[in-house]
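Asker: If you scroll down you'll find the structure; I have some questions about it.
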Amino acid sequence: MEKFQKLSGIAAPMPMINIDTDMIIPKQFLKTIKRSGLGVNLFDEMRYDDDGNEIADFVLNKPAYREAEILVAGENFGCGSSREHAPWAIKDFGIRCVIAPSFADIFHNNCFKNGILPIVLPQEQVDILMTEAAKGANARIEIDLEAQTVTTSEGEVISFEVDAFKKHCLLEGLDDIGLTMEKATSIDTFESSAGTARPWV
């Protein structure tokens, strides 16, 4: 998993509340078990019309936000079903951080496991960043996970809280497999001694 340490990028404003996982990646795209290739269908029903043409006024279709790496959204982001394809699609599009007043628990946890930093902030601070994001490519938001800060293009610094263990995993690029592999030496030692002690197993 790619490490997340610092990020400086364009933020896309999506001031909707209750953006659920079916809106993030509709059910017809859940047939794959690959983590790549889903970005083109992120927010599919809002990005495209019935003929597959882009809807010009959807935020991620606007020239200023096509390269957005940060998403600023409304409360209860990622609610609905627990599909892991939702963070896969977000990451594959290129978004590495989502900022909102609140997240659905399962989606929130899935973000950390897929290299995405979900930041929870009070509504008034989200509003500041939403205004900042509305500036488009003229403003870049900087995120420092180690310092736990978000800095606007105007230099305003906003602090955020994050679980210490999940922070460690993101900083080191450790998903569940990576965490297991950190214990590879101990696992090998145990298996060797167990095989000696119980050769019939």
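As shown in the structure tokens, the chain order sets the letters A, B, ...; within each chain, residues go from 1, and ligands are also counted from 1 in the order they appear.
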Near segment 142-147 of chain A, counting only C-alpha atoms, which residues have an atom at most 10 Å away, once you skip same-chain residues fewer than 5 positions from it, shown as a short mmCIF file (atom, residue, chain, number, x, y, z; two decimals) with N, CA and C atoms, in the first residue's frame?
Answerer:
```cif
data_model
loop_
_atom_site.label_atom_id
_atom_site.label_comp_id
_atom_site.auth_asym_id
_atom_site.auth_seq_id
_atom_site.Cartn_x
_atom_site.Cartn_y
_atom_site.Cartn_z
N PHE A 4 1.13 7.30 3.02
CA PHE A 4 0.52 8.63 3.05
C PHE A 4 1.25 9.43 4.12
N GLN A 5 1.96 10.46 3.71
CA GLN A 5 2.68 11.30 4.66
C GLN A 5 2.27 12.76 4.51
N LYS A 6 2.55 13.33 3.36
CA LYS A 6 2.11 14.70 3.07
C LYS A 6 1.44 14.73 1.71
N LEU A 7 0.48 15.62 1.58
CA LEU A 7 -0.24 15.76 0.31
C LEU A 7 -0.54 17.23 0.08
N SER A 8 -0.23 17.70 -1.10
CA SER A 8 -0.59 19.06 -1.51
C SER A 8 -1.36 18.93 -2.81
N GLY A 9 -2.64 19.26 -2.79
CA GLY A 9 -3.44 19.04 -3.98
C GLY A 9 -4.68 19.89 -4.05
N ILE A 10 -5.32 19.80 -5.20
CA ILE A 10 -6.58 20.50 -5.43
C ILE A 10 -7.69 19.73 -4.73
N ALA A 11 -8.59 20.46 -4.09
CA ALA A 11 -9.72 19.85 -3.39
C ALA A 11 -11.01 20.13 -4.16
N ILE A 70 -8.17 15.64 -3.30
CA ILE A 70 -8.86 15.80 -2.02
C ILE A 70 -10.33 16.05 -2.31
N CYS A 97 -7.56 11.76 -0.06
CA CYS A 97 -8.05 12.26 1.22
C CYS A 97 -9.49 12.74 1.05
N LEU A 117 -6.87 8.81 3.44
CA LEU A 117 -7.00 9.45 4.75
C LEU A 117 -8.36 10.13 4.86
N ILE A 119 -10.59 12.50 6.99
CA ILE A 119 -10.41 13.48 8.06
C ILE A 119 -11.78 13.98 8.53
N THR A 152 -4.69 25.74 4.44
CA THR A 152 -5.32 26.33 3.27
C THR A 152 -4.29 27.13 2.47
N SER A 153 -4.68 27.55 1.28
CA SER A 153 -3.78 28.35 0.44
C SER A 153 -3.50 29.71 1.06
N GLY A 155 -2.88 30.00 4.21
CA GLY A 155 -2.01 29.76 5.35
C GLY A 155 -2.71 29.44 6.64
N VAL A 157 -4.18 27.17 9.36
CA VAL A 157 -3.87 25.79 9.75
C VAL A 157 -5.00 25.23 10.61
N ILE A 158 -5.50 24.06 10.22
CA ILE A 158 -6.57 23.38 10.95
C ILE A 158 -6.02 22.04 11.41
N SER A 159 -6.14 21.76 12.69
CA SER A 159 -5.67 20.49 13.23
C SER A 159 -6.79 19.45 13.22
N PHE A 160 -6.41 18.19 13.07
CA PHE A 160 -7.40 17.12 13.09
C PHE A 160 -6.90 15.97 13.94
N GLU A 161 -7.82 15.16 14.41
CA GLU A 161 -7.51 13.98 15.22
C GLU A 161 -7.54 12.74 14.33
N VAL A 162 -6.70 11.77 14.67
CA VAL A 162 -6.70 10.50 13.95
C VAL A 162 -6.20 9.42 14.90
N LYS A 167 -3.02 5.89 11.95
CA LYS A 167 -2.05 6.88 11.46
C LYS A 167 -0.72 6.18 11.14
N HIS A 168 -0.27 5.32 12.04
CA HIS A 168 0.97 4.57 11.82
C HIS A 168 0.89 3.74 10.55
N LEU A 170 -0.97 4.20 7.87
CA LEU A 170 -0.93 5.04 6.67
C LEU A 170 0.47 5.60 6.43
N LEU A 171 1.10 6.07 7.47
CA LEU A 171 2.45 6.63 7.34
C LEU A 171 3.43 5.60 6.79
#
```
Asker: Using DSSP assignments from the backbone, pull out every residue in segment 2-201 of chain A that falls under alpha helix (DSSP H) and give it to me as a PyMOL selection string.
Answerer: chain A and resi 21-24+44-47+85-93+105-113+123-133+164-172+176-181+184-197
